[in-house]
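For reference, the structure is listed below as structure tokens.
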Amino acid sequence: MKDRIYRYVVRYDTGVAPNPFGGWCSLAICKPAIRRTAQVGDWIIGLRSQQAAQVLYVMQVEHCLSFADYWRDPRFLAKRPDRCPSSDNIYRPDASGDLVQVPNRAHVPSDTQRDLSGQQVLVGRRFWYFGDRSPELPADLAHLVHASQGHSLQKNRRDTDVQTLVDWLSGWSNGIHGSPIDADRLHAAAVNTHLVERSGCGVKPQHPFTAPGPAAGRMGC
């Protein structure tokens, strides 16, 4: 079936996975099974934790990048930890070509193997991020609800689902429509508001962010 639809529950919506900032939606860490198999043109629906009928975000995959290419690409510099506290561009190739995790607020070195097992980073400019303003799936897409661990791909799929999804999303402009629900897990202090304005990493300027600090591990998943 063309233009597949992945669905999964976003356990923590911190602005990291997905990262909807900088004009691109990206899925670079967490959900390695999706990142390993997703292809250009596929759709990803992230459903809200404990309210799986509500849509946290939708993106269509435009590029599948290696971690090294994601790090180097100037389009995604704003997603690095020195630019964006809710960064997901956290793996830098060293002189030998090995990927090294840079200090960030989301993941610790013990998360590296799981992150890199996803093999690629998914990015797209065609996305709708709702966060704390998550709408409920319409009745004609209710069969796409997925409430358990892991993800669904072909289960309950209908040939008309992509067009129905696009028609429903046409009620909103492309881009950001809400704030990360669990942002406080990453941003405990209210300093450095200028970072938000410079990097485009925040939804609301009145929600200032701190500079990157020690991570607790897998907070963006």
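Labels for the structure tokens follow display order: chains A, B, ..., residues from 1 in each chain, ligands from 1.
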
Surrounding residues of Ala28 (chain A) excluding itself and chain neighbours under 4 positions, 8 Å, only C-alpha atoms, as an MDAnalysis selection string: chainID A and resid 17:18 35 88:89 115 120:122

Writer output for current selection, N, CA, C and O atoms, as a CSV table (one decimal), in the first residue's frame:
```
chain,number,residue,atom,x,y,z
A,17,ALA,N,11.1,14.5,20.7
A,17,ALA,CA,10.7,13.5,19.8
A,17,ALA,C,9.2,13.3,19.8
A,17,ALA,O,8.6,12.6,20.6
A,18,PRO,N,8.5,14.0,18.9
A,18,PRO,CA,9.1,14.7,17.7
A,18,PRO,C,9.6,16.1,18.2
A,18,PRO,O,9.2,16.7,19.2
A,35,ARG,N,11.9,4.5,12.6
A,35,ARG,CA,12.9,5.1,11.8
A,35,ARG,C,13.7,4.2,10.9
A,35,ARG,O,14.2,4.6,9.9
A,88,ASP,N,17.3,17.5,19.2
A,88,ASP,CA,17.3,16.0,18.8
A,88,ASP,C,18.5,15.8,17.9
A,88,ASP,O,18.8,14.6,17.6
A,89,ASN,N,19.2,16.8,17.5
A,89,ASN,CA,20.4,16.7,16.7
A,89,ASN,C,21.6,16.5,17.6
A,89,ASN,O,22.4,17.5,17.8
A,115,ASP,N,19.2,4.7,20.3
A,115,ASP,CA,18.9,5.7,19.3
A,115,ASP,C,19.5,5.4,17.9
A,115,ASP,O,18.8,5.5,16.9
A,120,GLN,N,18.4,5.9,10.9
A,120,GLN,CA,18.1,7.1,10.1
A,120,GLN,C,17.3,8.1,10.9
A,120,GLN,O,16.6,7.8,11.9
A,121,VAL,N,17.3,9.4,10.4
A,121,VAL,CA,16.5,10.5,11.0
A,121,VAL,C,15.4,10.8,10.0
A,121,VAL,O,15.7,11.0,8.8
A,122,LEU,N,14.2,10.9,10.4
A,122,LEU,CA,13.1,11.3,9.6
A,122,LEU,C,12.8,12.8,9.7
A,122,LEU,O,12.6,13.3,10.8
```

Polymer residues at most 6 Å from region 40-54 of chain A, only C-alpha atoms, same-chain spacing of 3 or more positions, as a list in words: Asp3, Arg4, Ile5, Tyr6, Arg7, Tyr8, Val9, Val10, Arg11, Tyr57, Val58, Met59, Gln60, Val61, Glu62, His63, Ser134, Pro135, Glu136, Leu137, Val145 and Ala147 of chain A

Mind checking DSSP for region 15-216 of chain A and telling me the strand (DSSP E) residues as a count of residues only? 39

I'd like the neighbourhood of region 138-141 of chain A as a PyMOL selection string, where a residue qualifies if any of its atoms comes within 8 Å (using only C-alpha atoms), though same-chain residues fewer than 2 positions away should be ignored. chain A and resi 136+143-145+161+164-165+168

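With only C-alpha atoms taken into account, the protein and nucleic acid residues at most 12 Å from Pro93 (chain A) (excluding it and anything under 6 positions from it in its own chain) are Ser66, Phe67, Ala68, Asp69, Tyr70, Trp71, Arg72, Leu99, Val100, Gln101 and Val102 of chain A.
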
Gly131 (chain A): which residues within 7 Å, counting only C-alpha atoms, same-chain residues fewer than 2 positions away excluded, as a PDB file with C-alpha atoms, in the first residue's frame?
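Result saved to around26.pdb:
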```pdb
ATOM      1  CA  LEU A  56      -0.336  15.060  19.049  1.00  0.00           C
ATOM      2  CA  TYR A 129       2.105  19.705  15.557  1.00  0.00           C
ATOM      3  CA  ARG A 133      -4.055  21.455  21.761  1.00  0.00           C
ATOM      4  CA  SER A 134      -4.401  17.913  20.467  1.00  0.00           C
ATOM      5  CA  GLY A 178       0.339  24.076  20.399  1.00  0.00           C
ATOM      6  CA  SER A 179       3.061  23.751  23.012  1.00  0.00           C
ATOM      7  CA  PRO A 180       4.845  20.605  24.231  1.00  0.00           C
ATOM      8  CA  ILE A 181       2.762  19.025  26.977  1.00  0.00           C
TER       9      ILE A 181
END
```

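Residue nearest Leu186 (chain A), chosen from A:Val16, A:Leu153, A:Ala142, A:Leu169 and counting only C-alpha atoms: A:Val16.
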
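Relative to CA of Val162 (chain A), CA of Asn174 (chain A) is found at 16.1 Å.
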
Between CA of Tyr12 (chain A) and CA of Gln119 (chain A), distance in Å (one decimal): 21.7 Å

What is the CA of Pro85 (chain A)-CA of Trp128 (chain A) distance in Å, reported with one decimal? 20.9 Å

Enumerate as a PyMOL selection string all residues of region 5-212 of chain A assigned to alpha helix (DSSP H) by DSSP on the backbone, naming them with the chain letters and numbers the document uses. chain A and resi 32-37+67-72+112-116+161-169+193-199

For the residues selected in the previous step, produce a file with N, CA and C atoms as a JSON list (two decimals), in the first residue's frame.
```json
[["chain", "number", "residue", "atom", "x", "y", "z"],
["A", 32, "PRO", "N", 12.99, 3.67, 17.34],
["A", 32, "PRO", "CA", 13.93, 3.17, 16.33],
["A", 32, "PRO", "C", 13.29, 2.25, 15.30],
["A", 33, "ALA", "N", 12.26, 1.49, 15.69],
["A", 33, "ALA", "CA", 11.64, 0.57, 14.73],
["A", 33, "ALA", "C", 10.97, 1.34, 13.59],
["A", 34, "ILE", "N", 10.37, 2.48, 13.91],
["A", 34, "ILE", "CA", 9.77, 3.31, 12.86],
["A", 34, "ILE", "C", 10.86, 3.92, 11.99],
["A", 35, "ARG", "N", 11.89, 4.45, 12.62],
["A", 35, "ARG", "CA", 12.94, 5.13, 11.85],
["A", 35, "ARG", "C", 13.70, 4.17, 10.94],
["A", 36, "ARG", "N", 13.83, 2.92, 11.34],
["A", 36, "ARG", "CA", 14.54, 1.94, 10.50],
["A", 36, "ARG", "C", 13.79, 1.64, 9.21],
["A", 37, "THR", "N", 12.46, 1.68, 9.26],
["A", 37, "THR", "CA", 11.67, 1.17, 8.14],
["A", 37, "THR", "C", 10.90, 2.22, 7.37],
["A", 67, "PHE", "N", 22.59, 9.95, 10.44],
["A", 67, "PHE", "CA", 22.86, 10.84, 11.56],
["A", 67, "PHE", "C", 23.96, 11.84, 11.22],
["A", 68, "ALA", "N", 24.96, 11.40, 10.49],
["A", 68, "ALA", "CA", 26.05, 12.29, 10.11],
["A", 68, "ALA", "C", 25.54, 13.41, 9.20],
["A", 69, "ASP", "N", 24.70, 13.06, 8.24],
["A", 69, "ASP", "CA", 24.14, 14.08, 7.35],
["A", 69, "ASP", "C", 23.23, 15.04, 8.11],
["A", 70, "TYR", "N", 22.48, 14.51, 9.07],
["A", 70, "TYR", "CA", 21.60, 15.36, 9.87],
["A", 70, "TYR", "C", 22.43, 16.37, 10.67],
["A", 71, "TRP", "N", 23.55, 15.91, 11.23],
["A", 71, "TRP", "CA", 24.41, 16.81, 12.00],
["A", 71, "TRP", "C", 25.00, 17.91, 11.13],
["A", 72, "ARG", "N", 25.44, 17.54, 9.93],
["A", 72, "ARG", "CA", 26.15, 18.49, 9.06],
["A", 72, "ARG", "C", 25.22, 19.43, 8.30],
["A", 112, "THR", "N", 22.48, 5.71, 23.64],
["A", 112, "THR", "CA", 23.06, 5.82, 22.30],
["A", 112, "THR", "C", 22.75, 4.61, 21.43],
["A", 113, "GLN", "N", 22.97, 3.42, 21.94],
["A", 113, "GLN", "CA", 22.77, 2.22, 21.13],
["A", 113, "GLN", "C", 21.34, 2.13, 20.62],
["A", 114, "ARG", "N", 20.39, 2.42, 21.48],
["A", 114, "ARG", "CA", 18.98, 2.36, 21.07],
["A", 114, "ARG", "C", 18.67, 3.44, 20.04],
["A", 115, "ASP", "N", 19.16, 4.65, 20.27],
["A", 115, "ASP", "CA", 18.91, 5.73, 19.31],
["A", 115, "ASP", "C", 19.47, 5.39, 17.94],
["A", 116, "LEU", "N", 20.73, 4.96, 17.91],
["A", 116, "LEU", "CA", 21.39, 4.72, 16.62],
["A", 116, "LEU", "C", 20.88, 3.46, 15.94],
["A", 161, "ASP", "N", -7.54, 6.15, 3.58],
["A", 161, "ASP", "CA", -7.12, 6.83, 4.81],
["A", 161, "ASP", "C", -6.25, 8.05, 4.58],
["A", 162, "VAL", "N", -5.30, 7.97, 3.66],
["A", 162, "VAL", "CA", -4.41, 9.12, 3.45],
["A", 162, "VAL", "C", -5.19, 10.33, 2.98],
["A", 163, "GLN", "N", -6.08, 10.14, 2.02],
["A", 163, "GLN", "CA", -6.86, 11.29, 1.53],
["A", 163, "GLN", "C", -7.78, 11.82, 2.61],
["A", 164, "THR", "N", -8.37, 10.94, 3.40],
["A", 164, "THR", "CA", -9.23, 11.38, 4.49],
["A", 164, "THR", "C", -8.43, 12.17, 5.52],
["A", 165, "LEU", "N", -7.22, 11.70, 5.81],
["A", 165, "LEU", "CA", -6.34, 12.40, 6.75],
["A", 165, "LEU", "C", -5.96, 13.77, 6.23],
["A", 166, "VAL", "N", -5.58, 13.85, 4.97],
["A", 166, "VAL", "CA", -5.20, 15.14, 4.37],
["A", 166, "VAL", "C", -6.37, 16.10, 4.37],
["A", 167, "ASP", "N", -7.55, 15.61, 4.04],
["A", 167, "ASP", "CA", -8.74, 16.47, 4.04],
["A", 167, "ASP", "C", -9.01, 17.01, 5.44],
["A", 168, "TRP", "N", -8.86, 16.16, 6.45],
["A", 168, "TRP", "CA", -9.09, 16.60, 7.83],
["A", 168, "TRP", "C", -8.06, 17.64, 8.25],
["A", 169, "LEU", "N", -6.80, 17.41, 7.91],
["A", 169, "LEU", "CA", -5.74, 18.33, 8.29],
["A", 169, "LEU", "C", -5.81, 19.66, 7.57],
["A", 193, "THR", "N", 15.58, 33.65, 27.68],
["A", 193, "THR", "CA", 14.46, 33.74, 26.74],
["A", 193, "THR", "C", 14.96, 34.02, 25.32],
["A", 194, "HIS", "N", 16.10, 34.74, 25.19],
["A", 194, "HIS", "CA", 16.61, 35.07, 23.86],
["A", 194, "HIS", "C", 16.92, 33.84, 23.04],
["A", 195, "LEU", "N", 17.21, 32.71, 23.70],
["A", 195, "LEU", "CA", 17.51, 31.49, 22.96],
["A", 195, "LEU", "C", 16.32, 31.03, 22.15],
["A", 196, "VAL", "N", 15.13, 31.20, 22.69],
["A", 196, "VAL", "CA", 13.92, 30.83, 21.97],
["A", 196, "VAL", "C", 13.78, 31.65, 20.70],
["A", 197, "GLU", "N", 14.00, 32.94, 20.82],
["A", 197, "GLU", "CA", 13.80, 33.82, 19.68],
["A", 197, "GLU", "C", 14.86, 33.58, 18.61],
["A", 198, "ARG", "N", 16.10, 33.26, 19.04],
["A", 198, "ARG", "CA", 17.18, 33.09, 18.09],
["A", 198, "ARG", "C", 17.05, 31.78, 17.33],
["A", 199, "SER", "N", 16.65, 30.73, 18.00],
["A", 199, "SER", "CA", 16.68, 29.42, 17.39],
["A", 199, "SER", "C", 15.34, 28.96, 16.83]]
```
